[in-house]
Amino acid sequence: MNKTHLVAPSLLSADFLRLAEEIKMVNKSEADWFHLDIMDGMFVPNITFGFDIIKQINKLANKPLDVHLMIEKPERYIEKFAEAGADLITVHYEAANHLHRLVMQIKETGSKAGVAINPHTPVTCLEEIIPYSDMILIMSVNPGFGGQKFIQTSVEKVRKLNLMRKEKNLSMLIEVDGGVNLDTGKQLIEAGANVLVAGSFVFKSNNPTETIKKLKSL
Ligand code: DX5
Ligand code: ZN
């Protein structure tokens with residue numbers, strides 16, 4: 001497996017009045033992916049944006065779009081997210097009654113499939129789905145908002161999932177999302193994380209390009 005971790009800035013904390021410039025900044029930076037947070041006001045107590053905005057972002061972005069769906073009944077919209085330009089679609093374990101079917105539905109569109117778990121969900125719940133998943137997303141805050149405090153027990157969850165991956169000889173990526181900064185990012189990479197999502201730490205910093213570079217060089 002490639003030892004270099006990936007960095008995915010979350011546009012949730014970007015300045016939406018200057019969205020084009022923010023996207024161009026990420027394009028030119030050392031970031032690997034764009035992380036897009038889709039919230040429906042039902043699965044999480046917040047609402048963000050949908051297909052048309054993703055399509056616009058996709059026109060300008062020169063890196064893969066990592067689309068994190070925090071919505072109920074995501075099976076209703078998988079094809080539309082894929083058409084809008086999602087390269088990777090992540091659904092929540094807690095939002096799906098038929099997770100295996102949903103993962104297959106995502107793969108049929110040609111997108112990669114990710115499965116996310118909330119802070120209260122143990123990694124052992126993933127045992128049967130990880131062989132079918134391209135990525136597992138460990139939420140290190142309760143989903144819904146940027147700028148929240150990192151939940152420290154997430155590091156141990158990454159360590160456990162990394163062990164499961166080794167034992168089963170699998171190669172899915174482990175992504176972590178919420179409260180990532182240089183300190184928590186370092187701990188997560190040491191525990192086995194492959195993708196760091198960072199929203200406020202990047203976009204609220206004085207020099208986002210430099211902050212991305214620092215996260216890459218951890
Ligand atoms: C939260 C989102 C995150 C959010 C992270 O529900 O899934 O992607 O943007 O924001 P920070 O990095 O500020 O915790
Ligand atoms: Zn996210």
# chains A, B, ... in the order shown; residues from 1 in each chain; ligands from 1
$ residues_around --residues "A:Glu83" --least-positions-apart "4" --cutoff "10 Å" --atoms "only C-alpha atoms" --output "list in words"
Phe51, Ile54, Lys55, Ile78, Glu79, Asp87, Thr109, Gly110 and Ser111 of chain A
$ residues_near_ligand --ligand "ligand 1" --cutoff "6 Å" --atoms "only C-alpha atoms and all ligand atoms" --output "PDB file with N, CA and C atoms, in the first residue's frame"
ATOM      1  N   SER A  10     -12.163  19.981   3.113  1.00  0.00           N
ATOM      2  CA  SER A  10     -13.629  19.988   3.063  1.00  0.00           C
ATOM      3  C   SER A  10     -14.120  21.396   2.747  1.00  0.00           C
ATOM      4  N   LEU A  12     -16.846  22.632   3.070  1.00  0.00           N
ATOM      5  CA  LEU A  12     -17.853  23.129   4.018  1.00  0.00           C
ATOM      6  C   LEU A  12     -17.392  24.424   4.706  1.00  0.00           C
ATOM      7  N   ASP A  37     -19.403  17.855   1.560  1.00  0.00           N
ATOM      8  CA  ASP A  37     -20.323  17.388   2.604  1.00  0.00           C
ATOM      9  C   ASP A  37     -21.763  17.694   2.228  1.00  0.00           C
ATOM     10  N   PRO A 143     -21.360  14.182  12.965  1.00  0.00           N
ATOM     11  CA  PRO A 143     -21.505  14.883  11.698  1.00  0.00           C
ATOM     12  C   PRO A 143     -22.569  15.985  11.753  1.00  0.00           C
ATOM     13  N   GLY A 144     -22.370  17.000  10.952  1.00  0.00           N
ATOM     14  CA  GLY A 144     -23.347  18.090  10.863  1.00  0.00           C
ATOM     15  C   GLY A 144     -22.718  19.468  10.750  1.00  0.00           C
ATOM     16  N   PHE A 145     -21.543  19.634  11.348  1.00  0.00           N
ATOM     17  CA  PHE A 145     -20.951  20.974  11.389  1.00  0.00           C
ATOM     18  C   PHE A 145     -19.428  20.902  11.309  1.00  0.00           C
ATOM     19  N   GLY A 146     -18.849  21.956  10.748  1.00  0.00           N
ATOM     20  CA  GLY A 146     -17.401  22.094  10.777  1.00  0.00           C
ATOM     21  C   GLY A 146     -16.974  22.724  12.097  1.00  0.00           C
ATOM     22  N   GLY A 147     -15.701  22.676  12.368  1.00  0.00           N
ATOM     23  CA  GLY A 147     -15.137  23.397  13.508  1.00  0.00           C
ATOM     24  C   GLY A 147     -15.399  22.797  14.880  1.00  0.00           C
ATOM     25  N   GLN A 148     -15.769  21.524  14.951  1.00  0.00           N
ATOM     26  CA  GLN A 148     -16.018  20.903  16.255  1.00  0.00           C
ATOM     27  C   GLN A 148     -14.737  20.271  16.808  1.00  0.00           C
ATOM     28  N   ASP A 177     -12.493  12.169   9.487  1.00  0.00           N
ATOM     29  CA  ASP A 177     -13.144  13.448   9.193  1.00  0.00           C
ATOM     30  C   ASP A 177     -13.659  14.077  10.484  1.00  0.00           C
ATOM     31  N   GLY A 178     -13.176  15.284  10.790  1.00  0.00           N
ATOM     32  CA  GLY A 178     -13.664  16.047  11.943  1.00  0.00           C
ATOM     33  C   GLY A 178     -12.559  16.386  12.922  1.00  0.00           C
ATOM     34  N   GLY A 179     -12.331  17.682  13.094  1.00  0.00           N
ATOM     35  CA  GLY A 179     -11.350  18.134  14.085  1.00  0.00           C
ATOM     36  C   GLY A 179      -9.913  17.790  13.742  1.00  0.00           C
ATOM     37  N   VAL A 180      -9.645  17.602  12.454  1.00  0.00           N
ATOM     38  CA  VAL A 180      -8.267  17.252  12.062  1.00  0.00           C
ATOM     39  C   VAL A 180      -7.406  18.513  12.015  1.00  0.00           C
ATOM     40  N   ALA A 198      -9.932  17.820   6.200  1.00  0.00           N
ATOM     41  CA  ALA A 198      -9.776  18.985   7.084  1.00  0.00           C
ATOM     42  C   ALA A 198     -10.555  20.152   6.507  1.00  0.00           C
ATOM     43  N   GLY A 199     -11.458  20.701   7.312  1.00  0.00           N
ATOM     44  CA  GLY A 199     -12.277  21.831   6.878  1.00  0.00           C
ATOM     45  C   GLY A 199     -11.783  23.128   7.459  1.00  0.00           C
ATOM     46  N   SER A 200     -12.191  23.414   8.691  1.00  0.00           N
ATOM     47  CA  SER A 200     -11.858  24.711   9.280  1.00  0.00           C
ATOM     48  C   SER A 200     -10.348  24.904   9.446  1.00  0.00           C
ATOM     49  N   PHE A 201      -9.624  23.827   9.730  1.00  0.00           N
ATOM     50  CA  PHE A 201      -8.185  23.972   9.929  1.00  0.00           C
ATOM     51  C   PHE A 201      -7.509  24.524   8.663  1.00  0.00           C
TER      52      PHE A 201
END
$ residues_around --residues "A:His35" --least-positions-apart "4" --cutoff "7 Å" --atoms "only C-alpha atoms" --output "ChimeraX atom specification"
/A:8-11,65-67,197
$ closest_residue --among "A:Ala14, A:Leu196, A:Val158, A:Leu137" --to "A:Leu182" --atoms "only C-alpha atoms"
A:Leu196
$ residues_around --residues "A:Leu215" --least-positions-apart "6" --cutoff "8 Å" --atoms "only C-alpha atoms" --output "ChimeraX atom specification"
/A:7,181-182,185
$ closest_residue --among "A:Asp52, A:Glu175, A:Glu94, A:Glu156" --to "A:His5" --atoms "only C-alpha atoms"
A:Glu175
$ select_by_dssp --residues "stretch 32-182 of chain A" --states "alpha helix (DSSP H)" --output "PyMOL selection string"
chain A and resi 51-60+78-84+99-108+154-167+182
$ write_last_selection --atoms "N, CA and C atoms" --output "short mmCIF file (atom, residue, chain, number, x, y, z; two decimals), in the first residue's frame"
data_model
loop_
_atom_site.label_atom_id
_atom_site.label_comp_id
_atom_site.auth_asym_id
_atom_site.auth_seq_id
_atom_site.Cartn_x
_atom_site.Cartn_y
_atom_site.Cartn_z
N PHE A 51 -26.92 18.70 -6.09
CA PHE A 51 -26.35 18.29 -7.38
C PHE A 51 -25.81 19.45 -8.23
N ASP A 52 -26.57 20.54 -8.31
CA ASP A 52 -26.15 21.61 -9.22
C ASP A 52 -24.85 22.26 -8.76
N ILE A 53 -24.70 22.42 -7.46
CA ILE A 53 -23.45 23.00 -6.94
C ILE A 53 -22.29 22.02 -7.20
N ILE A 54 -22.54 20.73 -6.99
CA ILE A 54 -21.48 19.74 -7.24
C ILE A 54 -21.05 19.80 -8.71
N LYS A 55 -22.03 19.92 -9.61
CA LYS A 55 -21.71 20.01 -11.05
C LYS A 55 -20.83 21.21 -11.34
N GLN A 56 -21.15 22.33 -10.71
CA GLN A 56 -20.34 23.56 -10.91
C GLN A 56 -18.93 23.36 -10.36
N ILE A 57 -18.84 22.76 -9.17
CA ILE A 57 -17.52 22.50 -8.56
C ILE A 57 -16.72 21.59 -9.48
N ASN A 58 -17.39 20.59 -10.03
CA ASN A 58 -16.72 19.61 -10.89
C ASN A 58 -16.13 20.23 -12.15
N LYS A 59 -16.75 21.30 -12.62
CA LYS A 59 -16.24 21.99 -13.82
C LYS A 59 -14.87 22.60 -13.57
N LEU A 60 -14.68 23.05 -12.35
CA LEU A 60 -13.45 23.80 -12.03
C LEU A 60 -12.40 22.94 -11.34
N ILE A 78 -28.12 8.04 -5.45
CA ILE A 78 -26.75 7.64 -5.81
C ILE A 78 -26.41 7.99 -7.27
N GLU A 79 -27.29 7.63 -8.19
CA GLU A 79 -27.00 7.86 -9.62
C GLU A 79 -26.86 9.36 -9.90
N LYS A 80 -27.67 10.17 -9.23
CA LYS A 80 -27.60 11.62 -9.47
C LYS A 80 -26.29 12.21 -8.95
N PHE A 81 -25.80 11.68 -7.82
CA PHE A 81 -24.50 12.17 -7.32
C PHE A 81 -23.37 11.75 -8.27
N ALA A 82 -23.48 10.53 -8.78
CA ALA A 82 -22.45 10.05 -9.72
C ALA A 82 -22.46 10.92 -10.99
N GLU A 83 -23.65 11.19 -11.50
CA GLU A 83 -23.77 12.03 -12.71
C GLU A 83 -23.25 13.44 -12.47
N ALA A 84 -23.42 13.92 -11.24
CA ALA A 84 -22.96 15.28 -10.91
C ALA A 84 -21.43 15.36 -10.86
N LEU A 99 -27.06 -2.13 3.47
CA LEU A 99 -25.79 -1.47 3.15
C LEU A 99 -25.04 -2.17 2.00
N HIS A 100 -25.07 -3.48 1.98
CA HIS A 100 -24.36 -4.19 0.91
C HIS A 100 -24.97 -3.84 -0.46
N ARG A 101 -26.28 -3.83 -0.52
CA ARG A 101 -26.96 -3.46 -1.78
C ARG A 101 -26.58 -2.03 -2.19
N LEU A 102 -26.52 -1.16 -1.20
CA LEU A 102 -26.19 0.25 -1.46
C LEU A 102 -24.76 0.41 -1.98
N VAL A 103 -23.84 -0.32 -1.38
CA VAL A 103 -22.44 -0.27 -1.83
C VAL A 103 -22.35 -0.77 -3.27
N MET A 104 -23.09 -1.82 -3.58
CA MET A 104 -23.10 -2.35 -4.96
C MET A 104 -23.71 -1.32 -5.92
N GLN A 105 -24.76 -0.65 -5.46
CA GLN A 105 -25.42 0.38 -6.29
C GLN A 105 -24.42 1.49 -6.63
N ILE A 106 -23.62 1.88 -5.65
CA ILE A 106 -22.61 2.93 -5.89
C ILE A 106 -21.60 2.44 -6.92
N LYS A 107 -21.13 1.22 -6.74
CA LYS A 107 -20.10 0.69 -7.66
C LYS A 107 -20.62 0.57 -9.09
N GLU A 108 -21.90 0.26 -9.23
CA GLU A 108 -22.49 0.14 -10.57
C GLU A 108 -22.44 1.45 -11.34
N SER A 154 -11.37 8.37 18.71
CA SER A 154 -11.34 8.01 17.28
C SER A 154 -10.00 7.42 16.88
N VAL A 155 -8.94 7.82 17.55
CA VAL A 155 -7.60 7.32 17.20
C VAL A 155 -7.56 5.80 17.42
N GLU A 156 -8.13 5.36 18.52
CA GLU A 156 -8.16 3.93 18.84
C GLU A 156 -9.02 3.17 17.81
N LYS A 157 -10.08 3.82 17.34
CA LYS A 157 -10.92 3.18 16.31
C LYS A 157 -10.13 2.97 15.02
N VAL A 158 -9.32 3.95 14.68
CA VAL A 158 -8.49 3.82 13.47
C VAL A 158 -7.50 2.67 13.66
N ARG A 159 -6.93 2.59 14.84
CA ARG A 159 -5.96 1.52 15.12
C ARG A 159 -6.63 0.14 14.98
N LYS A 160 -7.82 0.03 15.54
CA LYS A 160 -8.55 -1.26 15.46
C LYS A 160 -8.90 -1.62 14.01
N LEU A 161 -9.36 -0.62 13.28
CA LEU A 161 -9.74 -0.88 11.89
C LEU A 161 -8.52 -1.25 11.05
N ASN A 162 -7.41 -0.61 11.34
CA ASN A 162 -6.16 -0.92 10.64
C ASN A 162 -5.76 -2.37 10.90
N LEU A 163 -5.95 -2.82 12.14
CA LEU A 163 -5.65 -4.22 12.49
C LEU A 163 -6.57 -5.18 11.74
N MET A 164 -7.88 -4.83 11.69
CA MET A 164 -8.84 -5.66 10.96
C MET A 164 -8.41 -5.77 9.49
N ARG A 165 -7.98 -4.64 8.95
CA ARG A 165 -7.55 -4.60 7.54
C ARG A 165 -6.37 -5.54 7.31
N LYS A 166 -5.41 -5.48 8.25
CA LYS A 166 -4.22 -6.33 8.11
C LYS A 166 -4.59 -7.80 8.24
N GLU A 167 -5.40 -8.11 9.26
CA GLU A 167 -5.79 -9.51 9.51
C GLU A 167 -6.52 -10.12 8.32
N LEU A 182 -2.82 19.53 12.84
CA LEU A 182 -1.50 18.89 12.76
C LEU A 182 -1.30 17.87 13.88
#
$ residues_around --residues "A:Met25" --least-positions-apart "2" --cutoff "12 Å" --atoms "only C-alpha atoms" --output "PDB file with N, CA and C atoms, in the first residue's frame"
ATOM      1  N   PRO A   9      -9.295  18.564   1.588  1.00  0.00           N
ATOM      2  CA  PRO A   9      -9.921  19.746   2.207  1.00  0.00           C
ATOM      3  C   PRO A   9     -11.441  19.704   2.025  1.00  0.00           C
ATOM      4  N   LEU A  11     -14.828  21.540   1.632  1.00  0.00           N
ATOM      5  CA  LEU A  11     -15.296  22.861   1.196  1.00  0.00           C
ATOM      6  C   LEU A  11     -16.365  23.448   2.110  1.00  0.00           C
ATOM      7  N   ALA A  14     -15.202  26.551   3.391  1.00  0.00           N
ATOM      8  CA  ALA A  14     -14.720  27.536   2.417  1.00  0.00           C
ATOM      9  C   ALA A  14     -15.635  28.760   2.423  1.00  0.00           C
ATOM     10  N   ASP A  15     -15.145  29.852   1.845  1.00  0.00           N
ATOM     11  CA  ASP A  15     -15.954  31.061   1.692  1.00  0.00           C
ATOM     12  C   ASP A  15     -16.766  30.902   0.405  1.00  0.00           C
ATOM     13  N   ARG A  18     -16.654  33.247  -2.448  1.00  0.00           N
ATOM     14  CA  ARG A  18     -15.416  33.206  -3.240  1.00  0.00           C
ATOM     15  C   ARG A  18     -15.108  31.764  -3.641  1.00  0.00           C
ATOM     16  N   LEU A  19     -16.155  30.987  -3.902  1.00  0.00           N
ATOM     17  CA  LEU A  19     -15.957  29.547  -4.077  1.00  0.00           C
ATOM     18  C   LEU A  19     -14.978  29.228  -5.211  1.00  0.00           C
ATOM     19  N   ALA A  20     -15.076  29.955  -6.324  1.00  0.00           N
ATOM     20  CA  ALA A  20     -14.187  29.671  -7.462  1.00  0.00           C
ATOM     21  C   ALA A  20     -12.720  29.834  -7.058  1.00  0.00           C
ATOM     22  N   GLU A  21     -12.434  30.910  -6.333  1.00  0.00           N
ATOM     23  CA  GLU A  21     -11.032  31.122  -5.898  1.00  0.00           C
ATOM     24  C   GLU A  21     -10.571  30.053  -4.922  1.00  0.00           C
ATOM     25  N   GLU A  22     -11.485  29.635  -4.036  1.00  0.00           N
ATOM     26  CA  GLU A  22     -11.140  28.587  -3.061  1.00  0.00           C
ATOM     27  C   GLU A  22     -10.812  27.278  -3.809  1.00  0.00           C
ATOM     28  N   ILE A  23     -11.608  26.976  -4.836  1.00  0.00           N
ATOM     29  CA  ILE A  23     -11.369  25.750  -5.616  1.00  0.00           C
ATOM     30  C   ILE A  23     -10.019  25.841  -6.336  1.00  0.00           C
ATOM     31  N   ASN A  27      -6.858  23.412  -6.162  1.00  0.00           N
ATOM     32  CA  ASN A  27      -6.275  22.850  -7.398  1.00  0.00           C
ATOM     33  C   ASN A  27      -4.761  22.991  -7.416  1.00  0.00           C
ATOM     34  N   LYS A  28      -4.295  24.173  -7.022  1.00  0.00           N
ATOM     35  CA  LYS A  28      -2.850  24.459  -7.108  1.00  0.00           C
ATOM     36  C   LYS A  28      -2.077  23.907  -5.917  1.00  0.00           C
ATOM     37  N   SER A  29      -2.781  23.525  -4.867  1.00  0.00           N
ATOM     38  CA  SER A  29      -2.121  23.094  -3.630  1.00  0.00           C
ATOM     39  C   SER A  29      -1.690  21.625  -3.727  1.00  0.00           C
ATOM     40  N   GLU A  30      -1.116  21.136  -2.634  1.00  0.00           N
ATOM     41  CA  GLU A  30      -0.702  19.728  -2.585  1.00  0.00           C
ATOM     42  C   GLU A  30      -1.851  18.793  -2.198  1.00  0.00           C
ATOM     43  N   ALA A  31      -3.062  19.339  -2.063  1.00  0.00           N
ATOM     44  CA  ALA A  31      -4.217  18.495  -1.686  1.00  0.00           C
ATOM     45  C   ALA A  31      -4.454  17.423  -2.747  1.00  0.00           C
ATOM     46  N   PHE A  34     -11.042  16.798  -3.281  1.00  0.00           N
ATOM     47  CA  PHE A  34     -11.996  17.750  -2.705  1.00  0.00           C
ATOM     48  C   PHE A  34     -12.992  16.936  -1.892  1.00  0.00           C
ATOM     49  N   LEU A  60     -14.676  23.054 -12.350  1.00  0.00           N
ATOM     50  CA  LEU A  60     -13.453  23.802 -12.032  1.00  0.00           C
ATOM     51  C   LEU A  60     -12.401  22.938 -11.342  1.00  0.00           C
ATOM     52  N   ALA A  61     -12.837  21.952 -10.596  1.00  0.00           N
ATOM     53  CA  ALA A  61     -11.904  21.141  -9.799  1.00  0.00           C
ATOM     54  C   ALA A  61     -11.074  20.230 -10.701  1.00  0.00           C
ATOM     55  N   ASN A  62      -9.778  20.142 -10.425  1.00  0.00           N
ATOM     56  CA  ASN A  62      -8.931  19.237 -11.212  1.00  0.00           C
ATOM     57  C   ASN A  62      -8.454  18.035 -10.398  1.00  0.00           C
ATOM     58  N   LYS A  63      -9.166  17.763  -9.303  1.00  0.00           N
ATOM     59  CA  LYS A  63      -8.845  16.609  -8.453  1.00  0.00           C
ATOM     60  C   LYS A  63     -10.146  15.858  -8.157  1.00  0.00           C
ATOM     61  N   VAL A 202      -8.034  24.144   7.501  1.00  0.00           N
ATOM     62  CA  VAL A 202      -7.474  24.651   6.238  1.00  0.00           C
ATOM     63  C   VAL A 202      -8.038  26.027   5.912  1.00  0.00           C
ATOM     64  N   PHE A 203      -9.388  26.107   5.816  1.00  0.00           N
ATOM     65  CA  PHE A 203      -9.985  27.319   5.240  1.00  0.00           C
ATOM     66  C   PHE A 203     -10.025  28.512   6.190  1.00  0.00           C
ATOM     67  N   ASN A 207      -3.047  30.982   5.811  1.00  0.00           N
ATOM     68  CA  ASN A 207      -2.469  30.587   4.531  1.00  0.00           C
ATOM     69  C   ASN A 207      -2.872  29.134   4.215  1.00  0.00           C
ATOM     70  N   PRO A 208      -4.079  28.950   3.641  1.00  0.00           N
ATOM     71  CA  PRO A 208      -4.591  27.597   3.395  1.00  0.00           C
ATOM     72  C   PRO A 208      -3.640  26.706   2.589  1.00  0.00           C
ATOM     73  N   THR A 209      -2.972  27.273   1.590  1.00  0.00           N
ATOM     74  CA  THR A 209      -2.058  26.466   0.771  1.00  0.00           C
ATOM     75  C   THR A 209      -0.946  25.883   1.635  1.00  0.00           C
ATOM     76  N   GLU A 210      -0.427  26.727   2.512  1.00  0.00           N
ATOM     77  CA  GLU A 210       0.660  26.300   3.412  1.00  0.00           C
ATOM     78  C   GLU A 210       0.133  25.275   4.427  1.00  0.00           C
ATOM     79  N   THR A 211      -1.085  25.470   4.905  1.00  0.00           N
ATOM     80  CA  THR A 211      -1.682  24.531   5.872  1.00  0.00           C
ATOM     81  C   THR A 211      -1.856  23.151   5.236  1.00  0.00           C
ATOM     82  N   ILE A 212      -2.277  23.125   3.976  1.00  0.00           N
ATOM     83  CA  ILE A 212      -2.416  21.846   3.258  1.00  0.00           C
ATOM     84  C   ILE A 212      -1.040  21.186   3.137  1.00  0.00           C
TER      85      ILE A 212
END
$ closest_residue --among "A:Asn194, A:Thr90, A:Thr184, A:Asn46" --to "ligand 2" --atoms "only C-alpha atoms and all ligand atoms"
A:Thr90
$ closest_residue --among "A:Asp32, A:Glu75, A:Glu128, A:Asp134" --to "A:Leu6" --atoms "only C-alpha atoms"
A:Asp32
$ residues_around --residues "A:Tyr93" --least-positions-apart "3" --cutoff "12 Å" --atoms "only C-alpha atoms" --output "JSON, numbers by chain"
{"A": [43, 69, 70, 71, 72, 73, 74, 90, 96, 97, 98, 99, 100, 102, 103, 114, 115, 116, 117, 118, 119, 120, 121, 122, 123, 124, 125, 126, 127, 128, 129, 130, 133, 136, 137, 138, 139]}
$ closest_residue --among "A:Met39, A:Leu170, A:Ala193, A:Ile47" --to "ligand 2" --atoms "only C-alpha atoms and all ligand atoms"
A:Met39
$ closest_residue --among "A:Lys112, A:His92, A:Lys149, A:Lys186" --to "ligand 2" --atoms "only C-alpha atoms and all ligand atoms"
A:His92
